[in-house]
Amino acid sequence: MSTHSTSHDLSTGTTTGTGRGARADAVTTGARPGAGTSAGGRSQAGPSGEPDLPPRSSWWRDVAVVLERELRPVLRDPFSVVFGLVQPVVFLGLFGPLLAASVEREGLGGTSVWQWFVPGVLVMVTLFGTSTTGSNLQYEMQTGAFERLLVTPVARSAQIVGRALKEVVPLLAQALVVVVVMVPFGFRPHVLGGLVGLALLAVMGVGIGAFSYALALAVRKQEWMFWAVQQTVLFPLLILSGMLLPLDDGPRWMRVAADLNPLAYVVEAERALFDGRLGDPAVPAAALAAVLTAVVGLVVGVRTIARSSD
Amino acid sequence: MIEATGLTKDFVSRQRTVHAVRGVDLRVERGELVAVLGPNGAGKTTLLRMLTTLTPPTAGSARVAGHDVVARPHAVRRSIGFVGQGNGAGHVQRARDELVTHGLMMGLDRGTSGARADELLDVLDLADQARQKVSDLSGGQRRRLDVAMGLVHTPPLLFLDEPSTGLDPQNRANLWEHVRRLRERHGVTIVLTTHYLDEADSMAERVVVVDHGRVIADATADELKRDLAGDRVVVTAPDADSAARLATLARALPGTRDAERDGVVVTLRVARATAAVAPLVEAAVREGVRVGDVETHRPTLDDVFLHLTGRSLRESAISTEASDDAGKDAA
């Protein structure tokens with residue numbers, strides 16, 4: 001049996017039974033220029049600096065690699081992004097006209113019905129897309145890809161953050177499609193306000209995406225639970241945000257529930273922003289809600305993946 | 001390369017404790033090719049999951065590639081290649097992309113990773129599939145891609161968990177041919193689990209037999225078969241009387257462990273069949289006993305398992321499936 005090593009060999013040499021002191025005498029080839037020595041990362045490298053291992057890559061590089069891996073199928077197959085628009089388009093096409101008809105009778109404070117409805121649909125697009133993304137992780141858990149990733153040195157937290165950040169791309173693409181499609185129907189987006197509105201959605205989408213991954217990880221032993229929980233949470237959140245119908249005339253308990261729903265602030269802010277009212281008090285409230293969603297979502301996601309190793 | 005001492009894993013599932021692995025000691029030296037053989041539910045995969053940092057041991061310790069699996073999981077992960085039971089490559093990804101990305105994750109720079117990916121795709125006969133989506137690959141191609149991912153960073157140690165399960169015999173042979181060639185080229189240490197007897201037999205230089213979470217035998221396949229099962233010599237005599245006399249003669253010969261007669265057929269268990277036939281025939285001729293037909297049989301690892309446990313490996317694969325499921329639930 002021949003055991004020659006190549007110049008690539010990162011081998012450690014065998015450790016003898018002399019315990020921890022038996023650090024391998026083998027070499028790194030130094031053939032890895034440029035790979036930083038965990039400058040910005042959490043340094044878990046040993047005090048003596050691991051002569052037997054390639055340099056540990058930084059946490060940010062881990063995130064970038066995960067993000068790139070997640071984005072690749074989206075960019076290769078943009079149609080999948082458009083396909084995700086089916087549900088919102090159904091709402092726009094079938095619910096919008098009904099809403100318009102009833103608004104004509106009641107009136108909505110003078111604004112065009114699309115000016116009121118489209119920003120809500122954008123929030124809906126964000127919600128649908130990002131809350132279901134955990135199913136992609138579920139699929140990778142079933143096939144074995146996730147397990148393989150857990151045996152790489154990529155930090156668990158970077159695996160969640162990278163995946164969650166990817167949500168921004170399909171989300172913005174879908175939102176832009178909806179906006180552009182609705183312009184001929186009379187939707188008049190304010191450009192600067194709209195951009196701020198999209199940024200807000202992106203931040204919130206990262207948070208909801210992280211929650212969705214956390215859910216997928218938490219229910220990995222009963223996969224069907226994912227959809228049960230996702231649907232159970234999604235629709236109350238959606239209705240209690242005033243996304244589809246105004247809650248002003250709803251019963252008092254509904255209005256209280258809406259006040260507790262971070263999404264309600266975001267919906268209100270999106271309407272103000274796309275209308276050009278950048279100074280609307282709903283905007284800072286929504287920004288806070290979006291940032292909180294992102295921070296809490298990522299923290300929950302990272303803690304869940306850290307605990308899922310068993 | 002691996003030093004495990006008293007490695008133990010218990011799962012608690014519905015108030016019931018499943019002892020998946022019970023105090024395994026294992027030492028693997030650099031360059032070895034070790035097969036961990038056992039029926040489903042024997043604890044092979046759990047053992048591998050502990051060694052690859054996927055699950056922490058309940059008790060005991062292990063150093064893999066020089067690093068403690070509990071204290072330094074990151075260092076272990078950087079030093080090993082891992083091919084799990086499932087498909088490591090994401091199904092929506094393209095084959096080469098996934099391979100290069102895996103190299104990046106293992107700390108290679110983009111240039112090195114790309115070069116290694118191309119080299120491995122070539123060696124593993126996947127060059128034509130480089131740009132195909134993983135979901136469009138055949139089962140055998142996907143498995144070879146998994147092996148490529150396990151090797152892209154040129155690890156000194158590669159773990160393969162049931163690498164050929166679900167492949168047809170031709171694809172299995174093909175996969176092993178590739179693994180063998182890669183090993184000759186890079187001298188990587190390989191630890192694999194399998195419940196295919198013939199696979200452990202033909203591939204591994206050393207077989208660790210695991211049953212009910214314990215190591216019950218650990219030697220080369222030939223040693224196991226010679227020491228624990230032995231060859232069989234089956235003599236068919238022309239009549240029962242001759243057969244009875246042959247059995248008596250056979251028992252008197254040195255090296256015969258056991259001789260049983262069933263009608264006209266006498267079955268001898270001996271250390272080496274080829275060495276046992278001539279003395280038997282000579283004794284028969286001397287005593288004027290007619291022999292008839294003589295066959296020799298090499299033992300299989302199933303004979304070894306039968307000898308060790310009193311069960312056939314094939315049978316126990318079925319009977320332990322229930323407990324295996326319990327283990328998976330908890331896992």
# chains A, B, ... in the order shown; residues from 1 in each chain; ligands from 1
>>> interface_residues(of="chain B", to="chain A", cutoff="8 Å", atoms="only C-alpha atoms", output="PyMOL selection string")
chain B and resi 1+29-31+52-56+65-66+74-75+77-79+82-93+98+101+104-109+154-156+184-188+329+331
>>> residues_around(residues="Gly193 in chain A", least_positions_apart="4", cutoff="12 Å", atoms="only C-alpha atoms", output="PyMOL selection string")
chain A and resi 119+188-189+197-200+269-280+283
>>> closest_residue(among="A:Ser102, A:Ser112, A:Gln230, A:Ser241", to="Gly134 in chain A", atoms="only C-alpha atoms")
A:Gln230
>>> atom_distance(atom1="CA of Ser80 in chain A", atom2="CA of Val125 in chain A")
13.9 Å
>>> select_by_dssp(residues="range 107-324 of chain B", states="strand (DSSP E)", output="PyMOL selection string")
chain B and resi 157-161+189-194+206-211+214-219+231-236+256-262+265-270+293-297
>>> atom_distance(atom1="CA of Arg180 in chain B", atom2="CA of Gly111 in chain B")
26.6 Å
>>> closest_residue(among="B:Leu246, B:Ala117, B:Ala35, B:Leu182", to="Asp201 in chain B", atoms="only C-alpha atoms")
B:Ala35
>>> residues_around(residues="Val169 in chain A", least_positions_apart="3", cutoff="12 Å", atoms="only C-alpha atoms", output="list of chain:residue names")
A:Leu67, A:Glu68, A:Glu70, A:Leu71, A:Arg72, A:Pro73, A:Val74, A:Leu75, A:Pro78, A:Val81, A:Thr126, A:Gly129, A:Thr130, A:Arg163, A:Ala164, A:Leu165, A:Lys166, A:Leu172, A:Ala173, A:Gln174, A:Ala175, A:Leu176, A:Leu198, A:Ala199, A:Leu201, A:Ala202, A:Val203, A:Gly205, A:Val206
>>> residues_around(residues="Val118 in chain A", least_positions_apart="3", cutoff="8 Å", atoms="only C-alpha atoms", output="compact mmCIF listing (two decimals) with N, CA and C atoms, in the first residue's frame")
# COMPACT_ATOMS: atom_id res chain seq x y z
N LEU A 92 -53.55 40.80 -6.73
CA LEU A 92 -53.67 42.06 -7.47
C LEU A 92 -54.80 41.99 -8.49
N TRP A 114 -54.98 51.91 -6.15
CA TRP A 114 -53.69 51.22 -6.38
C TRP A 114 -52.60 51.82 -5.49
N GLN A 115 -52.70 53.14 -5.30
CA GLN A 115 -51.73 53.81 -4.44
C GLN A 115 -51.79 53.23 -3.03
N VAL A 121 -49.32 44.95 -1.25
CA VAL A 121 -48.96 43.74 -1.98
C VAL A 121 -47.44 43.53 -1.96
N LEU A 122 -46.69 44.62 -1.98
CA LEU A 122 -45.23 44.49 -1.90
C LEU A 122 -44.82 43.84 -0.58
N VAL A 178 -43.62 43.88 -9.64
CA VAL A 178 -44.98 44.30 -9.27
C VAL A 178 -45.16 45.80 -9.53
N VAL A 179 -44.17 46.58 -9.12
CA VAL A 179 -44.28 48.04 -9.30
C VAL A 179 -44.41 48.38 -10.77
N MET A 182 -47.71 47.50 -12.37
CA MET A 182 -48.87 48.26 -11.92
C MET A 182 -48.88 49.70 -12.40
N PHE A 187 -50.76 53.16 -10.97
CA PHE A 187 -49.94 53.25 -9.77
C PHE A 187 -48.82 54.25 -10.03
>>> atom_distance(atom1="CA of Trp116 in chain A", atom2="CA of Gly297 in chain A")
28.3 Å
>>> select_by_dssp(residues="range 83-284 of chain A", states="helix (DSSP H, G or I)", output="PyMOL selection string")
chain A and resi 83+86-106+113-131+134-143+145-150+156-166+168-185+191-218+224-239+252-260+262-274+282-284
>>> residues_around(residues="Pro236 in chain A", least_positions_apart="5", cutoff="10 Å", atoms="only C-alpha atoms", output="list in words")
Gln231, Ser241, Ala257, Ala258 and Asn261 of chain A
>>> write_last_selection(atoms="C-alpha atoms", output="PDB file, in the first residue's frame")
ATOM      1  CA  GLN A 231     -49.479  29.096   7.472  1.00  0.00           C
ATOM      2  CA  SER A 241     -51.371  44.272   9.119  1.00  0.00           C
ATOM      3  CA  ALA A 257     -53.601  43.313  17.640  1.00  0.00           C
ATOM      4  CA  ALA A 258     -52.535  45.396  14.664  1.00  0.00           C
ATOM      5  CA  ASN A 261     -47.964  43.624  14.728  1.00  0.00           C
TER       6      ASN A 261
END
>>> decode(residues="range 31-76 of chain B", atoms="N, CA and C atoms", output="short mmCIF file (atom, residue, chain, number, x, y, z; two decimals), in the first residue's frame")
data_model
loop_
_atom_site.label_atom_id
_atom_site.label_comp_id
_atom_site.auth_asym_id
_atom_site.auth_seq_id
_atom_site.Cartn_x
_atom_site.Cartn_y
_atom_site.Cartn_z
N GLY B 31 -3.01 6.18 6.46
CA GLY B 31 -2.92 5.37 5.25
C GLY B 31 -3.79 4.12 5.25
N GLU B 32 -4.44 3.83 6.37
CA GLU B 32 -5.27 2.63 6.42
C GLU B 32 -6.57 2.82 5.64
N LEU B 33 -7.14 1.69 5.22
CA LEU B 33 -8.49 1.71 4.65
C LEU B 33 -9.32 0.76 5.51
N VAL B 34 -10.19 1.34 6.31
CA VAL B 34 -10.91 0.57 7.31
C VAL B 34 -12.40 0.55 6.98
N ALA B 35 -12.98 -0.63 6.98
CA ALA B 35 -14.43 -0.73 6.81
C ALA B 35 -15.07 -1.03 8.16
N VAL B 36 -16.06 -0.25 8.52
CA VAL B 36 -16.85 -0.55 9.71
C VAL B 36 -18.08 -1.30 9.21
N LEU B 37 -18.15 -2.57 9.58
CA LEU B 37 -19.20 -3.44 9.04
C LEU B 37 -20.17 -3.82 10.14
N GLY B 38 -21.44 -3.80 9.80
CA GLY B 38 -22.43 -4.22 10.78
C GLY B 38 -23.80 -4.09 10.19
N PRO B 39 -24.80 -4.73 10.81
CA PRO B 39 -26.16 -4.62 10.29
C PRO B 39 -26.71 -3.21 10.50
N ASN B 40 -27.81 -2.90 9.86
CA ASN B 40 -28.46 -1.61 10.10
C ASN B 40 -28.78 -1.49 11.59
N GLY B 41 -28.53 -0.31 12.14
CA GLY B 41 -28.85 -0.12 13.55
C GLY B 41 -27.74 -0.57 14.48
N ALA B 42 -26.61 -0.99 13.93
CA ALA B 42 -25.52 -1.46 14.78
C ALA B 42 -24.78 -0.31 15.45
N GLY B 43 -24.98 0.89 14.94
CA GLY B 43 -24.30 2.05 15.53
C GLY B 43 -23.18 2.59 14.66
N LYS B 44 -23.06 2.05 13.44
CA LYS B 44 -21.99 2.48 12.54
C LYS B 44 -22.07 3.97 12.25
N THR B 45 -23.27 4.40 11.83
CA THR B 45 -23.43 5.79 11.42
C THR B 45 -23.26 6.73 12.61
N THR B 46 -23.80 6.35 13.76
CA THR B 46 -23.64 7.19 14.95
C THR B 46 -22.16 7.32 15.31
N LEU B 47 -21.43 6.24 15.19
CA LEU B 47 -19.99 6.27 15.45
C LEU B 47 -19.32 7.28 14.51
N LEU B 48 -19.70 7.18 13.24
CA LEU B 48 -19.12 8.09 12.25
C LEU B 48 -19.51 9.54 12.52
N ARG B 49 -20.77 9.74 12.94
CA ARG B 49 -21.23 11.11 13.21
C ARG B 49 -20.46 11.72 14.38
N MET B 50 -20.08 10.90 15.35
CA MET B 50 -19.27 11.43 16.44
C MET B 50 -17.87 11.78 15.96
N LEU B 51 -17.30 10.92 15.13
CA LEU B 51 -15.94 11.15 14.66
C LEU B 51 -15.86 12.36 13.72
N THR B 52 -16.98 12.69 13.08
CA THR B 52 -16.98 13.81 12.14
C THR B 52 -17.59 15.07 12.75
N THR B 53 -17.76 15.11 14.05
CA THR B 53 -18.26 16.27 14.82
C THR B 53 -19.73 16.58 14.59
N LEU B 54 -20.47 15.67 13.95
CA LEU B 54 -21.89 15.97 13.72
C LEU B 54 -22.72 15.79 14.98
N THR B 55 -22.24 14.95 15.88
CA THR B 55 -22.97 14.76 17.12
C THR B 55 -21.96 14.52 18.24
N PRO B 56 -22.13 15.19 19.39
CA PRO B 56 -21.14 15.02 20.45
C PRO B 56 -21.34 13.69 21.18
N PRO B 57 -20.27 13.05 21.58
CA PRO B 57 -20.43 11.79 22.31
C PRO B 57 -21.04 12.01 23.69
N THR B 58 -21.80 11.02 24.17
CA THR B 58 -22.33 11.08 25.53
C THR B 58 -21.19 10.85 26.52
N ALA B 59 -20.27 9.98 26.16
CA ALA B 59 -19.11 9.73 27.00
C ALA B 59 -17.96 9.29 26.11
N GLY B 60 -16.77 9.29 26.67
CA GLY B 60 -15.61 8.89 25.90
C GLY B 60 -15.03 10.06 25.14
N SER B 61 -13.95 9.81 24.43
CA SER B 61 -13.31 10.90 23.71
C SER B 61 -12.72 10.36 22.42
N ALA B 62 -12.46 11.29 21.50
CA ALA B 62 -11.86 10.89 20.24
C ALA B 62 -11.00 12.01 19.71
N ARG B 63 -9.85 11.66 19.21
CA ARG B 63 -9.01 12.60 18.49
C ARG B 63 -9.00 12.16 17.03
N VAL B 64 -9.36 13.09 16.17
CA VAL B 64 -9.42 12.80 14.74
C VAL B 64 -8.46 13.74 14.03
N ALA B 65 -7.55 13.19 13.26
CA ALA B 65 -6.52 13.98 12.58
C ALA B 65 -5.78 14.86 13.58
N GLY B 66 -5.65 14.38 14.79
CA GLY B 66 -4.86 15.09 15.79
C GLY B 66 -5.63 16.06 16.65
N HIS B 67 -6.96 16.17 16.44
CA HIS B 67 -7.74 17.15 17.19
C HIS B 67 -8.89 16.48 17.92
N ASP B 68 -9.18 16.97 19.09
CA ASP B 68 -10.28 16.43 19.88
C ASP B 68 -11.62 16.83 19.25
N VAL B 69 -12.52 15.86 19.07
CA VAL B 69 -13.76 16.16 18.35
C VAL B 69 -14.69 17.08 19.15
N VAL B 70 -14.56 17.07 20.47
CA VAL B 70 -15.43 17.93 21.27
C VAL B 70 -14.79 19.30 21.49
N ALA B 71 -13.52 19.31 21.84
CA ALA B 71 -12.86 20.57 22.15
C ALA B 71 -12.51 21.37 20.90
N ARG B 72 -12.20 20.69 19.79
CA ARG B 72 -11.73 21.40 18.61
C ARG B 72 -12.47 20.94 17.35
N PRO B 73 -13.79 21.04 17.36
CA PRO B 73 -14.52 20.52 16.18
C PRO B 73 -14.12 21.23 14.88
N HIS B 74 -13.82 22.53 14.98
CA HIS B 74 -13.46 23.26 13.76
C HIS B 74 -12.18 22.71 13.13
N ALA B 75 -11.23 22.41 13.98
CA ALA B 75 -9.96 21.87 13.47
C ALA B 75 -10.19 20.51 12.83
N VAL B 76 -11.07 19.70 13.44
CA VAL B 76 -11.38 18.40 12.85
C VAL B 76 -12.02 18.59 11.48
#
